[in-house]
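K.L.:
Following this message is one structure expressed as structure tokens.
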Amino acid sequence: MTEVPSIDDVLAELVEEFDLLGDWEGRIEYVIELGKGLSPLPDEDRTEAHKVPGCAAQVWLSVRREADRLTFAADSDSALSKGNIALLLRLYSGRTPAEILAFDARAALDRLGLPSALTRQRANGLNAMVGRIRDAAAAA
């Protein structure tokens, strides 16, 4: 069985990738590219119950428990929001609830320079996505 990299290792990879991109425009383009790699969200997960409130765009986030880990699937009707959620899934999906709750998402996103590259409304949406993931972990 292949060992899953820690959430901190994934963050370090992302920081490296973002540092190579330089300016915020390159980072935003990269985030949009991440979104293009998301697996399609099944139609049964595109419900009001899975919508993330507080996002400028429509964002759906579903969670499944597999043994002691949470797996997330998501989609959005906005390329940037889809990229933001793809980035969060790279960090959080396949983690235990304890790992998710122990991780400081705000500090991680600040290290990537992402919130400062987004409009206030988009940054609020990103925070809402993190909140939904943390809520799922707390409820698990």
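The chains in the structure tokens are called A, B, ... from first to last as shown; in each chain the residues are counted from 1, and the ligands are counted from 1 in the order shown.
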Which polymer residues have any atom within 10 Å of an atom of Ile7 (chain A), counting only C-alpha atoms, with same-chain residues fewer than 3 positions away left out, as a ChimeraX atom specification?
P.N.:
/A:4,10-13,90-95,99-100,103
K.L.:
Okay, now the selection with C-alpha atoms, as a JSON list (two decimals), in the first residue's frame?
P.N.:
[["chain", "number", "residue", "atom", "x", "y", "z"],
["A", 4, "VAL", "CA", -0.44, 8.96, 1.58],
["A", 10, "VAL", "CA", 0.80, 18.43, 0.23],
["A", 11, "LEU", "CA", 0.82, 22.04, 1.38],
["A", 12, "ALA", "CA", 4.61, 22.19, 0.90],
["A", 13, "GLU", "CA", 4.16, 20.87, -2.68],
["A", 90, "ARG", "CA", -6.07, 18.18, -2.81],
["A", 91, "LEU", "CA", -5.37, 19.19, 0.78],
["A", 92, "TYR", "CA", -8.35, 17.63, 2.56],
["A", 93, "SER", "CA", -9.81, 14.66, 0.68],
["A", 94, "GLY", "CA", -8.82, 11.27, 2.06],
["A", 95, "ARG", "CA", -7.95, 12.66, 5.51],
["A", 99, "GLU", "CA", -6.29, 15.75, 10.50],
["A", 100, "ILE", "CA", -8.80, 18.11, 8.91],
["A", 103, "PHE", "CA", -4.97, 21.86, 9.96]]
K.L.:
Got a sec: who's within 10 Å of Ala98 (chain A), counting only C-alpha atoms, leaving out chain neighbours fewer than 4 positions off, as a PyMOL selection string?
P.N.:
chain A and resi 68-69+102-103+134+137-138+140
K.L.:
List the neighbours of Asn84 (chain A) out to 8 Å using only C-alpha atoms; skip same-chain residues closer than 4 positions along the sequence, and give me the result as a ChimeraX atom specification.
P.N.:
/A:31-32,35,80,88,126
K.L.:
Just write the chosen residues, C-alpha atoms, as a PDB file, in the first residue's frame.
P.N.:
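Now in part14.pdb:
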ATOM      1  CA  VAL A  31      -5.943  27.377  -9.743  1.00  0.00           C
ATOM      2  CA  ILE A  32      -8.315  27.389 -12.732  1.00  0.00           C
ATOM      3  CA  GLY A  35     -10.335  22.840 -11.406  1.00  0.00           C
ATOM      4  CA  LEU A  80     -12.238  29.942 -10.466  1.00  0.00           C
ATOM      5  CA  LEU A  88      -8.955  22.343  -1.106  1.00  0.00           C
ATOM      6  CA  LEU A 126     -13.158  30.109  -0.277  1.00  0.00           C
TER       7      LEU A 126
END
K.L.:
Residues within 9 Å of Gly113 (chain A), please, as an MDAnalysis selection string. Count only C-alpha atoms; anything in the same chain fewer than 6 positions from it doesn't count.
P.N.:
chainID A and resid 18 24 27
K.L.:
Filtering to N, CA, C and O atoms, could you give me those residues as a PDB file, in the first residue's frame?
P.N.:
ATOM      1  N   PHE A  18       3.246  27.169  -6.322  1.00  0.00           N
ATOM      2  CA  PHE A  18       2.804  28.564  -6.368  1.00  0.00           C
ATOM      3  C   PHE A  18       3.998  29.514  -6.440  1.00  0.00           C
ATOM      4  O   PHE A  18       3.935  30.530  -7.122  1.00  0.00           O
ATOM      5  N   TRP A  24       0.297  36.984  -8.979  1.00  0.00           N
ATOM      6  CA  TRP A  24      -1.044  36.479  -8.655  1.00  0.00           C
ATOM      7  C   TRP A  24      -1.796  36.037  -9.902  1.00  0.00           C
ATOM      8  O   TRP A  24      -2.612  35.119  -9.839  1.00  0.00           O
ATOM      9  N   ARG A  27      -0.894  32.536 -10.568  1.00  0.00           N
ATOM     10  CA  ARG A  27      -1.480  31.668  -9.537  1.00  0.00           C
ATOM     11  C   ARG A  27      -2.960  31.410  -9.812  1.00  0.00           C
ATOM     12  O   ARG A  27      -3.440  30.285  -9.663  1.00  0.00           O
TER      13      ARG A  27
END
K.L.:
Please identify which residues in chain A DSSP calls strand (DSSP E) from the backbone, and express them as a list in words.
P.N.:
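For chain A, the strand (DSSP E) set is Val59, Trp60, Leu61, Ser62, Val63, Arg64, Arg65, Glu66, Arg69, Leu70, Thr71, Phe72, Ala73, Ala74, Asp75 and Ser76 of chain A.
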K.L.:
For the selection you just gave me, I'd like the residues written to a file as a short mmCIF file (atom, residue, chain, number, x, y, z; two decimals), in the first residue's frame, keeping all heavy atoms.
P.N.:
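Done, and the output landed in out13.cif:
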data_model
loop_
_atom_site.label_atom_id
_atom_site.label_comp_id
_atom_site.auth_asym_id
_atom_site.auth_seq_id
_atom_site.Cartn_x
_atom_site.Cartn_y
_atom_site.Cartn_z
N VAL A 59 -21.51 26.25 -5.82
CA VAL A 59 -20.49 25.26 -5.48
C VAL A 59 -21.20 24.13 -4.75
O VAL A 59 -21.96 24.37 -3.82
CB VAL A 59 -19.38 25.85 -4.58
CG1 VAL A 59 -18.39 24.78 -4.17
CG2 VAL A 59 -18.68 27.01 -5.27
N TRP A 60 -20.95 22.92 -5.21
CA TRP A 60 -21.50 21.73 -4.56
C TRP A 60 -20.35 20.94 -3.97
O TRP A 60 -19.31 20.77 -4.60
CB TRP A 60 -22.23 20.84 -5.56
CG TRP A 60 -23.41 21.48 -6.20
CD1 TRP A 60 -24.70 21.52 -5.75
CD2 TRP A 60 -23.41 22.21 -7.44
NE1 TRP A 60 -25.48 22.21 -6.63
CE2 TRP A 60 -24.73 22.64 -7.68
CE3 TRP A 60 -22.43 22.53 -8.38
CZ2 TRP A 60 -25.08 23.37 -8.80
CZ3 TRP A 60 -22.77 23.26 -9.50
CH2 TRP A 60 -24.09 23.68 -9.70
N LEU A 61 -20.55 20.46 -2.75
CA LEU A 61 -19.53 19.69 -2.05
C LEU A 61 -20.20 18.52 -1.35
O LEU A 61 -21.06 18.72 -0.49
CB LEU A 61 -18.80 20.57 -1.03
CG LEU A 61 -17.74 19.90 -0.18
CD1 LEU A 61 -16.54 19.51 -1.03
CD2 LEU A 61 -17.31 20.84 0.94
N SER A 62 -19.81 17.32 -1.73
CA SER A 62 -20.37 16.14 -1.05
C SER A 62 -19.24 15.44 -0.29
O SER A 62 -18.07 15.56 -0.64
CB SER A 62 -21.01 15.18 -2.06
OG SER A 62 -20.03 14.60 -2.89
N VAL A 63 -19.62 14.73 0.73
CA VAL A 63 -18.64 14.03 1.56
C VAL A 63 -19.09 12.58 1.73
O VAL A 63 -20.28 12.30 1.87
CB VAL A 63 -18.46 14.73 2.93
CG1 VAL A 63 -19.77 14.78 3.71
CG2 VAL A 63 -17.39 14.06 3.75
N ARG A 64 -18.12 11.71 1.69
CA ARG A 64 -18.37 10.29 1.95
C ARG A 64 -17.35 9.82 2.98
O ARG A 64 -16.19 10.22 2.93
CB ARG A 64 -18.25 9.48 0.67
CG ARG A 64 -19.41 9.73 -0.26
CD ARG A 64 -19.32 8.97 -1.56
NE ARG A 64 -20.48 9.16 -2.41
CZ ARG A 64 -20.92 10.30 -2.94
NH1 ARG A 64 -20.30 11.41 -2.67
NH2 ARG A 64 -21.97 10.34 -3.72
N ARG A 65 -17.83 8.99 3.87
CA ARG A 65 -16.92 8.43 4.87
C ARG A 65 -16.48 7.06 4.39
O ARG A 65 -17.32 6.23 4.04
CB ARG A 65 -17.62 8.33 6.22
CG ARG A 65 -16.66 7.91 7.28
CD ARG A 65 -17.20 8.12 8.66
NE ARG A 65 -16.08 7.92 9.56
CZ ARG A 65 -15.88 8.62 10.63
NH1 ARG A 65 -16.72 9.56 10.97
NH2 ARG A 65 -14.85 8.37 11.40
N GLU A 66 -15.18 6.87 4.35
CA GLU A 66 -14.61 5.58 3.96
C GLU A 66 -13.68 5.15 5.08
O GLU A 66 -12.61 5.74 5.24
CB GLU A 66 -13.86 5.71 2.64
CG GLU A 66 -14.79 6.09 1.48
CD GLU A 66 -14.05 6.39 0.19
OE1 GLU A 66 -12.83 6.20 0.11
OE2 GLU A 66 -14.73 6.85 -0.74
N ARG A 69 -11.73 7.79 7.17
CA ARG A 69 -11.35 8.95 6.37
C ARG A 69 -12.55 9.56 5.65
O ARG A 69 -13.53 8.87 5.37
CB ARG A 69 -10.29 8.56 5.34
CG ARG A 69 -9.04 8.03 6.04
CD ARG A 69 -7.89 7.82 5.12
NE ARG A 69 -6.72 7.43 5.89
CZ ARG A 69 -5.85 8.29 6.42
NH1 ARG A 69 -6.01 9.57 6.25
NH2 ARG A 69 -4.82 7.87 7.11
N LEU A 70 -12.43 10.85 5.34
CA LEU A 70 -13.48 11.56 4.60
C LEU A 70 -12.98 11.83 3.18
O LEU A 70 -11.86 12.30 3.00
CB LEU A 70 -13.83 12.88 5.29
CG LEU A 70 -14.34 12.79 6.71
CD1 LEU A 70 -14.62 14.19 7.26
CD2 LEU A 70 -15.59 11.93 6.79
N THR A 71 -13.83 11.50 2.23
CA THR A 71 -13.51 11.77 0.83
C THR A 71 -14.52 12.78 0.33
O THR A 71 -15.73 12.62 0.52
CB THR A 71 -13.60 10.47 -0.01
OG1 THR A 71 -12.69 9.52 0.56
CG2 THR A 71 -13.23 10.73 -1.45
N PHE A 72 -14.01 13.82 -0.31
CA PHE A 72 -14.86 14.90 -0.81
C PHE A 72 -14.90 14.87 -2.32
O PHE A 72 -13.93 14.52 -2.98
CB PHE A 72 -14.32 16.26 -0.34
CG PHE A 72 -14.30 16.42 1.15
CD1 PHE A 72 -13.15 16.13 1.88
CD2 PHE A 72 -15.42 16.84 1.83
CE1 PHE A 72 -13.13 16.27 3.25
CE2 PHE A 72 -15.42 16.99 3.20
CZ PHE A 72 -14.26 16.70 3.92
N ALA A 73 -16.05 15.26 -2.85
CA ALA A 73 -16.22 15.47 -4.29
C ALA A 73 -16.90 16.82 -4.44
O ALA A 73 -17.70 17.21 -3.59
CB ALA A 73 -17.07 14.36 -4.90
N ALA A 74 -16.57 17.53 -5.50
CA ALA A 74 -17.11 18.88 -5.63
C ALA A 74 -17.15 19.32 -7.08
O ALA A 74 -16.51 18.73 -7.94
CB ALA A 74 -16.26 19.85 -4.82
N ASP A 75 -17.90 20.40 -7.30
CA ASP A 75 -17.97 21.03 -8.61
C ASP A 75 -18.50 22.44 -8.42
O ASP A 75 -19.01 22.79 -7.36
CB ASP A 75 -18.88 20.24 -9.56
CG ASP A 75 -18.63 20.57 -11.02
OD1 ASP A 75 -17.72 21.39 -11.33
OD2 ASP A 75 -19.34 20.03 -11.87
N SER A 76 -18.35 23.24 -9.47
CA SER A 76 -18.86 24.60 -9.46
C SER A 76 -19.19 25.01 -10.88
O SER A 76 -18.65 24.44 -11.84
CB SER A 76 -17.82 25.57 -8.88
OG SER A 76 -18.31 26.90 -8.96
#
K.L.:
May I have the residues within 10 Å of Leu109 (chain A) as a VMD selection string, using only C-alpha atoms and disregarding those fewer than 3 positions away in the same chain?
P.N.:
chain A and resid 11 14 to 15 87 to 88 104 to 106 112 to 116 126 to 127
K.L.:
Using only C-alpha atoms, find the one residue out of A:Pro97, A:Asn124, A:Glu33, A:Leu38 that sits nearest to Ala67 (chain A).
P.N.:
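So, comparing all the options, the nearest one is A:Pro97.
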K.L.:
Identify which of the residues A:Ile28, A:Ala123, A:Asp8, A:Leu34 lies closest to Asp110 (chain A), counting only C-alpha atoms when measuring atom-to-atom distances.
P.N.:
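Under the stated criterion, the closest residue is A:Ala123.
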K.L.:
Based on DSSP run over this structure's backbone, return all residues of region 67-136 of chain A in alpha helix (DSSP H), as a ChimeraX atom specification.
P.N.:
/A:79-92,97-102,105-112,114-117,120-136
K.L.:
Quick one: distance from CA of Ala139 (chain A) to CA of Lys51 (chain A) in Å, one decimal?
P.N.:
17.0 Å
K.L.:
Mind giving me the straight-line distance from CA of Ala86 (chain A) to CA of Gly37 (chain A) in Å, one decimal?
P.N.:
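Separating CA of Ala86 (chain A) from CA of Gly37 (chain A) is a distance of 7.8 Å.
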